[in-house]
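Visitor: Can you keep this structure in mind? I'll have questions shortly.
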Amino acid sequence: MGGDTHFKTVLPHEPLPGQQFGFVHLQGAFVPKKKEMKGAQSLHRPLCPEEKVVDDEEQTTSCKCTKIEYIQTTLTSKLSSLIQLCGMSPCDLLSVQPIVQETNKGDNNVGKVRLQLSTPAAARRLCCRIRRGNYGPRDLLASTIITDDGNDESAAGITVQNEGVCPFGCKGRYVGKAVMVTEITPTIDVQQQHQEYYDDEPFRWERAAPPKFRRLLTNSNSQKFKLTEEEISERRGKTRFVYLDNVLGKELTLDDITLDGQTMDASMKNDLMSIFQGESLDNSHFGKGGVIKNGLLQQDARIEDDLRHAFQEALRDNLSQYDSSKDSLGIELFVKADSAAGKKSKPDNIKPKQDPKDTVATRLLFDHLHIGMRSNDDATNLIQSLQGKRLQLKMELPNALLQNSVATNITITTGKLYLDYADVLQPKKGNLRNKKNEVKTPREPSKSECTSSTDHVHISGLHVIPNYVSVQEEQMLMAGLTGPHAPWAPPQLTTTGGYIKRRVQHYGYVFDYESSDVLRRDDGGSNDICGKGSDKSACPALPCMDANVAEMTDDEVEKWTERAVEDVKVWEALAGVIEKTRRFDVSSVLSEGDLNDGVSKMSLAEGTKQTFPHLNQLTINEYNPGEGIGSHVDTVTAFDDGLLIITLNGGIVMEFRKAIDDGDVSNMRKLVYLPPRSLAVLSRDARYKYEHMIVSRMTDTVNGEIIPRKLRVSLTLRTALTAPVFDKGIGKISLAQSKVPQSHLPKYESKVFPPRWGQLSDAALANASSKIGDEEDSPVDRSDLITPETESKHVHAVYDAIATQWHHTRGKRGVLWPGATQFIESLPPGSIIADVGCGDGKYFAEILKHSYVIGTDISEPLLKTAATRGDDADDGKRKNIDGPQYQRLSKAKRALSENPSVAVADCLHIPLRSNSCDAAISIAVMHHLSTEARRIRCLAELKRIVKVGGRFNVQAWALEQETDSKRKFHGTDLLVPFNAQPKYLQTQAKSSENDDNSQQPSSAESKGKGVAQMMAEQYDGAEFDSKKNLVVFQRYCHMYRKGELESLCERVPGLEVLESAYEKGNWVITCRVCE
């Protein structure tokens, strides 16, 4: 290279330069130094005895050790020998060029040396060797280096002579401090050539130390780096960095490593896999590698460095197709090599304190890394293209790894990749937000309006009764009304043509938001809002109590409701609350302001009760924090006087504004706080003269106290009226006009639970049954074999999606329920056992100790994990893959465990002959069956396949949990969340894996979204947890009360319950087949 050539640093994360040669820059004191004198006689330059000091102004002569020719010749010789000791070829070193610098005294000094090597890869290897070995000028210029080429191997190494004193009699001494070593390359003006990338943000990380990355997730615990959802979305649309996980790690198997064109030795495969999985090299066939310096081994981690470089280049080759930068600038790879990179190594015979940071680490973490693309578009394309895919990495094993063998090419298959956006932390700024460039937009005030400001305002007919329902009733109603059997209404249109955002349920009669009217069941309901040809008005019937409810006293209704709560009967408890509300006497809570109202004073004087016995319509609204409802008056022609609102779980501030100008301006507006478990009664003026609304905000201020909003569920009970009859000439009734008298619609009630759309009332069902003689034509659906939507959506689809994570987090741990293992051990040897609902087959190894097993499950992905257990076992090398019970099996039984007999089947229709099994187990299956008829059918199937005299064991979740249990259930039918990690999920969730035309999210749709959010959108019913960055699935579970399993068995003829027990939150029964 010419003298005018400029160089730039090649950083560790950058690709190798596209040059023919490689260059290395060394910086250090390459001339001996004499210890400086104190005081004014101190010298600030190298000093040798041969220097003749004429006076302070005269030029001096130098020792031979300072001559450029000597330094160049000596370094060439020593470096060639050192390169050979480090496992490289001496031919890689082409030239050594000392760089002369003139000192302030006018003489020359050599503090920098440039090396030219045969290839950029050789330059990178040499940089790592010198940096790891901590070689200084003393090792390179004042030592004897003996190679093992033709010499005694034990004598090979570096030996410093005469403590580094100049060999020419100079009293100067070479310093032992390690030289600074940098890989360099001839430079061009990259920034000017690619200015378009700098317009947005730099396309090159310009520091040797890697940046501190963070996933773009919300983190409420980090105030310093906390970002809002909008800021995260903005950063995802700009960042060029990508987080890559599950590359080479714990999931790597022997089958994933192949030697191109040859057969690889099994021991070499195991050792190579151990390196990638982070295990120590102490006991491997490769050795650690190092140079003997002054009789002590200096480990230079050559294997780790060379393997890391080979891995980086192989990965770059695979990812290069996603680099759309001009002139293909290449991809930055930030690989965490080990925990002690750059730290000084310790000789083997020196035992340091037990601090892993003081020793050279032999761990390489290839499982996750960060990638720097050149633009955000490239990063987005990379994430969408490789999500969930596997790569074939073709890499060359370095000589250092194979010791004296020639380099060999291998192919390694990665795991299923997981990619997500990443960003660079900028702690010096204190926050990722650029506050200077922020556009200030009007926001909601920190404190919302306080309810105490309207305490003086009185509205006739408005009452708030706190603690109307008990805590137990609230928990029960919340569990049922938001649970899996909750009959949420299909999306409903509004008057503006849009859809209401909140979820609603209607009972008795539907309130149509498009027409702002109640849908009377005699209207025919021609509109189809379900998309299945169903009646728009056919909402569930209103839950009701026993037929003799009219004869029950108020105390008896209260006790009936309490018993329903104790028995965890959600819909019965709701029926009791509805009846209690019908009987609630508003006159018992009249305030002083109410007594000034003529109607209230007259009612009180006459001793009459103010109740609402005709309530026949219930609308349930679910308000998430921040959601509200616009100002309105419930349609006067649709509902009679009296709106009764029960608030559950979260309190809210409701605002009332006068809708009719009656000349009184004193009571125009009032704020009322509705606390949890309260009842709000709106009658007379509050019903007809005031509009009510809920402002959309995250907090409410009640008497000066800021209360964050929570999920709120409201139960609004109203009395629906028959269709209005208008007088001739009146086209529409307004609030200022008198109503045409209307009657109450009949109560449409049912005691059949759980309620569902299209359900007939008890009266309609009795009428239909009397007209239909043939039982097969009965309107009651008696098909137990048809899977309900609750199970297909919240059981089958969920386990298909989470099968891989379920196997990794549960099946591989080998944790078995004690009651099941005791039952298996009690069976005679050689028994044939059916594992119904076997999942990933975690009980197979336990059964196969003495018996044989046939497994069935409805989830094919789970069964695939059971059928591939042998493929994951790696001949027993990974000891915990299937738990300790797997290791205790004989060779024949292990073969059966590796290739089990399994079938995809419903537990209600098991594909086995009757009386074909000696025993059966069904663990954690029956709590996923959503109806009582299906649970009985499952027990009957277990009885059918087991021989007479045989036994089966059933276990299911219990409603009664231990006091120290993390699981607390407030209902029998619940949706239990399962937090799924996106890396375990399949990318194409709604289409076939081999479908090339499967729907991919477009770049515009996915830009600014994290991987977990995109995954959640692909799965029907899944939710995105923005705080934890997880995909949340809801599993349906029925919690069994004490004695419930036994009562179900009593309804199956020929079954005898031998044992019933409670075990760690589960009910366990063992049954014997009698006939």
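Going through the structure tokens in order, the chains are called A, B, and so on, while each chain numbers its residues from 1 and the ligands are numbered from 1 in the order shown.
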Neighbours of Arg756 (chain A) within 9 Å (only C-alpha atoms; same-chain residues fewer than 4 positions away dropped), as an MDAnalysis selection string?
Guide: chainID A and resid 485:488 539:541
Visitor: Dump as JSON lines the rows for residues of region 65-162 of chain A within 12 Å of region 307-322 of chain A: closest atom pair and distance in Å with one decimal, only C-alpha atoms counted, ordered by chain and rising residue number.
Guide:
```
{"residue": "A:Pro120", "atom": "CA", "partner": "A:His309", "partner_atom": "CA", "distance": 11.6}
{"residue": "A:Ala121", "atom": "CA", "partner": "A:His309", "partner_atom": "CA", "distance": 8.5}
{"residue": "A:Ala122", "atom": "CA", "partner": "A:His309", "partner_atom": "CA", "distance": 10.9}
{"residue": "A:Ala123", "atom": "CA", "partner": "A:His309", "partner_atom": "CA", "distance": 11.8}
{"residue": "A:Arg124", "atom": "CA", "partner": "A:His309", "partner_atom": "CA", "distance": 8.6}
{"residue": "A:Arg125", "atom": "CA", "partner": "A:His309", "partner_atom": "CA", "distance": 8.5}
{"residue": "A:Cys128", "atom": "CA", "partner": "A:His309", "partner_atom": "CA", "distance": 10.4}
```
Visitor: Write the selection just made, keeping N, CA, C and O atoms, as a PDB file, in the first residue's frame?
Guide:
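Heads up, here's the output in part-v4.pdb:
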```pdb
ATOM      1  N   PRO A 120      -8.146 -11.053   4.660  1.00  0.00           N
ATOM      2  CA  PRO A 120      -8.790 -10.389   5.804  1.00  0.00           C
ATOM      3  C   PRO A 120      -9.116 -11.361   6.930  1.00  0.00           C
ATOM      4  O   PRO A 120      -9.064 -10.995   8.103  1.00  0.00           O
ATOM      5  N   ALA A 121      -9.454 -12.625   6.598  1.00  0.00           N
ATOM      6  CA  ALA A 121      -9.745 -13.603   7.644  1.00  0.00           C
ATOM      7  C   ALA A 121      -8.515 -13.879   8.494  1.00  0.00           C
ATOM      8  O   ALA A 121      -8.596 -14.019   9.714  1.00  0.00           O
ATOM      9  N   ALA A 122      -7.331 -13.978   7.850  1.00  0.00           N
ATOM     10  CA  ALA A 122      -6.096 -14.184   8.603  1.00  0.00           C
ATOM     11  C   ALA A 122      -5.807 -12.995   9.495  1.00  0.00           C
ATOM     12  O   ALA A 122      -5.319 -13.155  10.630  1.00  0.00           O
ATOM     13  N   ALA A 123      -6.098 -11.791   9.022  1.00  0.00           N
ATOM     14  CA  ALA A 123      -5.891 -10.602   9.843  1.00  0.00           C
ATOM     15  C   ALA A 123      -6.785 -10.633  11.068  1.00  0.00           C
ATOM     16  O   ALA A 123      -6.361 -10.298  12.180  1.00  0.00           O
ATOM     17  N   ARG A 124      -8.030 -11.057  10.895  1.00  0.00           N
ATOM     18  CA  ARG A 124      -8.946 -11.122  12.041  1.00  0.00           C
ATOM     19  C   ARG A 124      -8.485 -12.175  13.051  1.00  0.00           C
ATOM     20  O   ARG A 124      -8.545 -11.949  14.262  1.00  0.00           O
ATOM     21  N   ARG A 125      -8.030 -13.331  12.579  1.00  0.00           N
ATOM     22  CA  ARG A 125      -7.539 -14.361  13.499  1.00  0.00           C
ATOM     23  C   ARG A 125      -6.329 -13.884  14.274  1.00  0.00           C
ATOM     24  O   ARG A 125      -6.223 -14.105  15.478  1.00  0.00           O
ATOM     25  N   CYS A 128      -7.187 -11.527  17.122  1.00  0.00           N
ATOM     26  CA  CYS A 128      -7.715 -12.227  18.292  1.00  0.00           C
ATOM     27  C   CYS A 128      -6.604 -12.932  19.066  1.00  0.00           C
ATOM     28  O   CYS A 128      -6.592 -12.936  20.302  1.00  0.00           O
TER      29      CYS A 128
END
```
Visitor: Between CA of Tyr135 (chain A) and CA of Gln20 (chain A), measure the distance and give it in Å to one decimal.
Guide: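 Result for CA of Tyr135 (chain A) versus CA of Gln20 (chain A): 26.9 Å, one decimal.
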Visitor: I'd like the contact shell of Ser761 (chain A) - 9 Å cut-off, only C-alpha atoms, skipping same-chain residues fewer than 6 positions apart - returned as a PyMOL selection string.
Guide: chain A and resi 508+540-542+748-752
Visitor: Could you name the residues that touch Thr716 (chain A) at 10 Å or less, counting only C-alpha atoms, but leaving out those on the same chain fewer than 2 positions away, as a list in words?
Guide: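 Near neighbours after the sequence-gap exclusion: His506, Gln617, Leu618, Thr619, Ile620, Asn621, Leu643, Leu644, Ile645, Ile646, Thr647, Leu679, Ala680, Val681, Val713, Ser714 and Arg718 of chain A.
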Visitor: Please save N, CA, C and O atoms of the selected residues as a CSV table (one decimal), in the first residue's frame.
Guide:
```csv
chain,number,residue,atom,x,y,z
A,506,HIS,N,-77.1,-9.5,26.1
A,506,HIS,CA,-78.5,-9.2,26.3
A,506,HIS,C,-79.2,-10.4,26.7
A,506,HIS,O,-79.0,-11.5,26.2
A,617,GLN,N,-85.6,-7.1,31.1
A,617,GLN,CA,-84.5,-7.1,30.2
A,617,GLN,C,-83.2,-6.7,30.9
A,617,GLN,O,-83.2,-5.9,31.8
A,618,LEU,N,-82.1,-7.4,30.6
A,618,LEU,CA,-80.8,-7.2,31.2
A,618,LEU,C,-79.8,-7.0,30.1
A,618,LEU,O,-79.7,-7.8,29.2
A,619,THR,N,-79.0,-5.9,30.2
A,619,THR,CA,-77.9,-5.7,29.3
A,619,THR,C,-76.6,-5.6,30.1
A,619,THR,O,-76.6,-4.8,31.1
A,620,ILE,N,-75.6,-6.4,29.8
A,620,ILE,CA,-74.4,-6.4,30.5
A,620,ILE,C,-73.3,-5.8,29.6
A,620,ILE,O,-73.1,-6.2,28.4
A,621,ASN,N,-72.6,-4.8,30.1
A,621,ASN,CA,-71.6,-4.0,29.4
A,621,ASN,C,-70.2,-4.3,30.1
A,621,ASN,O,-70.1,-4.3,31.3
A,643,LEU,N,-84.3,2.6,35.7
A,643,LEU,CA,-83.0,1.9,35.2
A,643,LEU,C,-82.2,1.6,36.4
A,643,LEU,O,-81.9,2.5,37.2
A,644,LEU,N,-81.9,0.3,36.6
A,644,LEU,CA,-81.1,-0.1,37.7
A,644,LEU,C,-79.8,-0.7,37.3
A,644,LEU,O,-79.8,-1.6,36.5
A,645,ILE,N,-78.7,-0.1,37.7
A,645,ILE,CA,-77.4,-0.4,37.3
A,645,ILE,C,-76.6,-0.9,38.4
A,645,ILE,O,-76.4,-0.2,39.4
A,646,ILE,N,-76.1,-2.2,38.3
A,646,ILE,CA,-75.2,-2.8,39.3
A,646,ILE,C,-73.8,-2.7,38.7
A,646,ILE,O,-73.5,-3.1,37.6
A,647,THR,N,-72.8,-2.2,39.5
A,647,THR,CA,-71.4,-2.0,39.1
A,647,THR,C,-70.6,-3.1,39.7
A,647,THR,O,-70.6,-3.3,41.0
A,679,LEU,N,-75.5,-0.3,43.6
A,679,LEU,CA,-76.6,-0.3,42.8
A,679,LEU,C,-77.0,1.2,42.6
A,679,LEU,O,-77.2,2.0,43.5
A,680,ALA,N,-77.2,1.6,41.3
A,680,ALA,CA,-77.6,3.0,41.0
A,680,ALA,C,-79.0,2.9,40.4
A,680,ALA,O,-79.3,2.1,39.5
A,681,VAL,N,-79.9,3.7,41.0
A,681,VAL,CA,-81.3,3.7,40.5
A,681,VAL,C,-81.6,5.0,39.8
A,681,VAL,O,-81.4,6.1,40.4
A,713,VAL,N,-67.7,-4.2,34.9
A,713,VAL,CA,-68.8,-4.9,34.3
A,713,VAL,C,-70.1,-4.3,34.9
A,713,VAL,O,-70.2,-4.3,36.1
A,714,SER,N,-71.0,-3.8,34.1
A,714,SER,CA,-72.2,-3.2,34.6
A,714,SER,C,-73.4,-4.1,34.2
A,714,SER,O,-73.5,-4.6,33.0
A,718,ARG,N,-83.8,-3.3,33.0
A,718,ARG,CA,-84.8,-2.4,32.6
A,718,ARG,C,-86.1,-3.1,32.3
A,718,ARG,O,-86.1,-4.4,32.2
```
Visitor: Which of these residues is nearest to Leu85 (chain A), using only C-alpha atoms: A:Gly133, A:Gly704, A:Gly642, A:Gly157?
Guide: A:Gly157
Visitor: What's the 12 Å shell around Glu789 (chain A), counting only C-alpha atoms, without same-chain residues fewer than 4 positions away, as an NGL selection string?
Guide: :A and (484-485 or 487 or 756 or 793-797 or 929-931 or 1021 or 1036)
Visitor: Mind checking which residues fall within 7 Å of His368 (chain A), counting only C-alpha atoms, ignoring those fewer than 6 positions away in the same chain, and posting them as an MDAnalysis selection string?
Guide: chainID A and resid 244:247
Visitor: List the neighbours of Cys86 (chain A) out to 8 Å using only C-alpha atoms; skip same-chain residues closer than 3 positions along the sequence, and give me the result as a PDB file with N, CA, C and O atoms, in the first residue's frame.
Guide:
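What landed in around.pdb:
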```pdb
ATOM      1  N   LEU A  82       5.504 -16.595  16.111  1.00  0.00           N
ATOM      2  CA  LEU A  82       4.326 -16.521  16.984  1.00  0.00           C
ATOM      3  C   LEU A  82       3.072 -16.973  16.233  1.00  0.00           C
ATOM      4  O   LEU A  82       2.220 -17.672  16.797  1.00  0.00           O
ATOM      5  N   ILE A  83       2.980 -16.589  14.963  1.00  0.00           N
ATOM      6  CA  ILE A  83       1.822 -17.005  14.164  1.00  0.00           C
ATOM      7  C   ILE A  83       1.759 -18.519  14.066  1.00  0.00           C
ATOM      8  O   ILE A  83       0.697 -19.138  14.162  1.00  0.00           O
ATOM      9  N   ARG A 129      -5.635 -13.542  18.350  1.00  0.00           N
ATOM     10  CA  ARG A 129      -4.544 -14.252  19.033  1.00  0.00           C
ATOM     11  C   ARG A 129      -3.719 -13.290  19.874  1.00  0.00           C
ATOM     12  O   ARG A 129      -3.409 -13.568  21.035  1.00  0.00           O
ATOM     13  N   GLY A 290      -3.447 -22.762  23.230  1.00  0.00           N
ATOM     14  CA  GLY A 290      -2.735 -21.701  23.924  1.00  0.00           C
ATOM     15  C   GLY A 290      -1.250 -21.771  23.631  1.00  0.00           C
ATOM     16  O   GLY A 290      -0.765 -22.666  22.940  1.00  0.00           O
ATOM     17  N   VAL A 291      -0.505 -20.810  24.160  1.00  0.00           N
ATOM     18  CA  VAL A 291       0.936 -20.684  23.947  1.00  0.00           C
ATOM     19  C   VAL A 291       1.632 -20.710  25.299  1.00  0.00           C
ATOM     20  O   VAL A 291       1.177 -20.060  26.260  1.00  0.00           O
ATOM     21  N   ARG A 302      -8.396 -19.670  21.152  1.00  0.00           N
ATOM     22  CA  ARG A 302      -8.389 -19.665  19.692  1.00  0.00           C
ATOM     23  C   ARG A 302      -9.569 -20.441  19.105  1.00  0.00           C
ATOM     24  O   ARG A 302     -10.103 -20.086  18.056  1.00  0.00           O
TER      25      ARG A 302
END
```
Visitor: By how many Å are CA of Gly950 (chain A) and CA of Arg934 (chain A) apart?
Guide: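 Straight-line distance from CA of Gly950 (chain A) to CA of Arg934 (chain A) works out to 22.4 Å.
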Visitor: As an exercise, work out the distance from CA of Ile786 (chain A) to CA of Ile910 (chain A) in Å and give it to one decimal place.
Guide: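 Result for CA of Ile786 (chain A) versus CA of Ile910 (chain A): 14.5 Å, one decimal.
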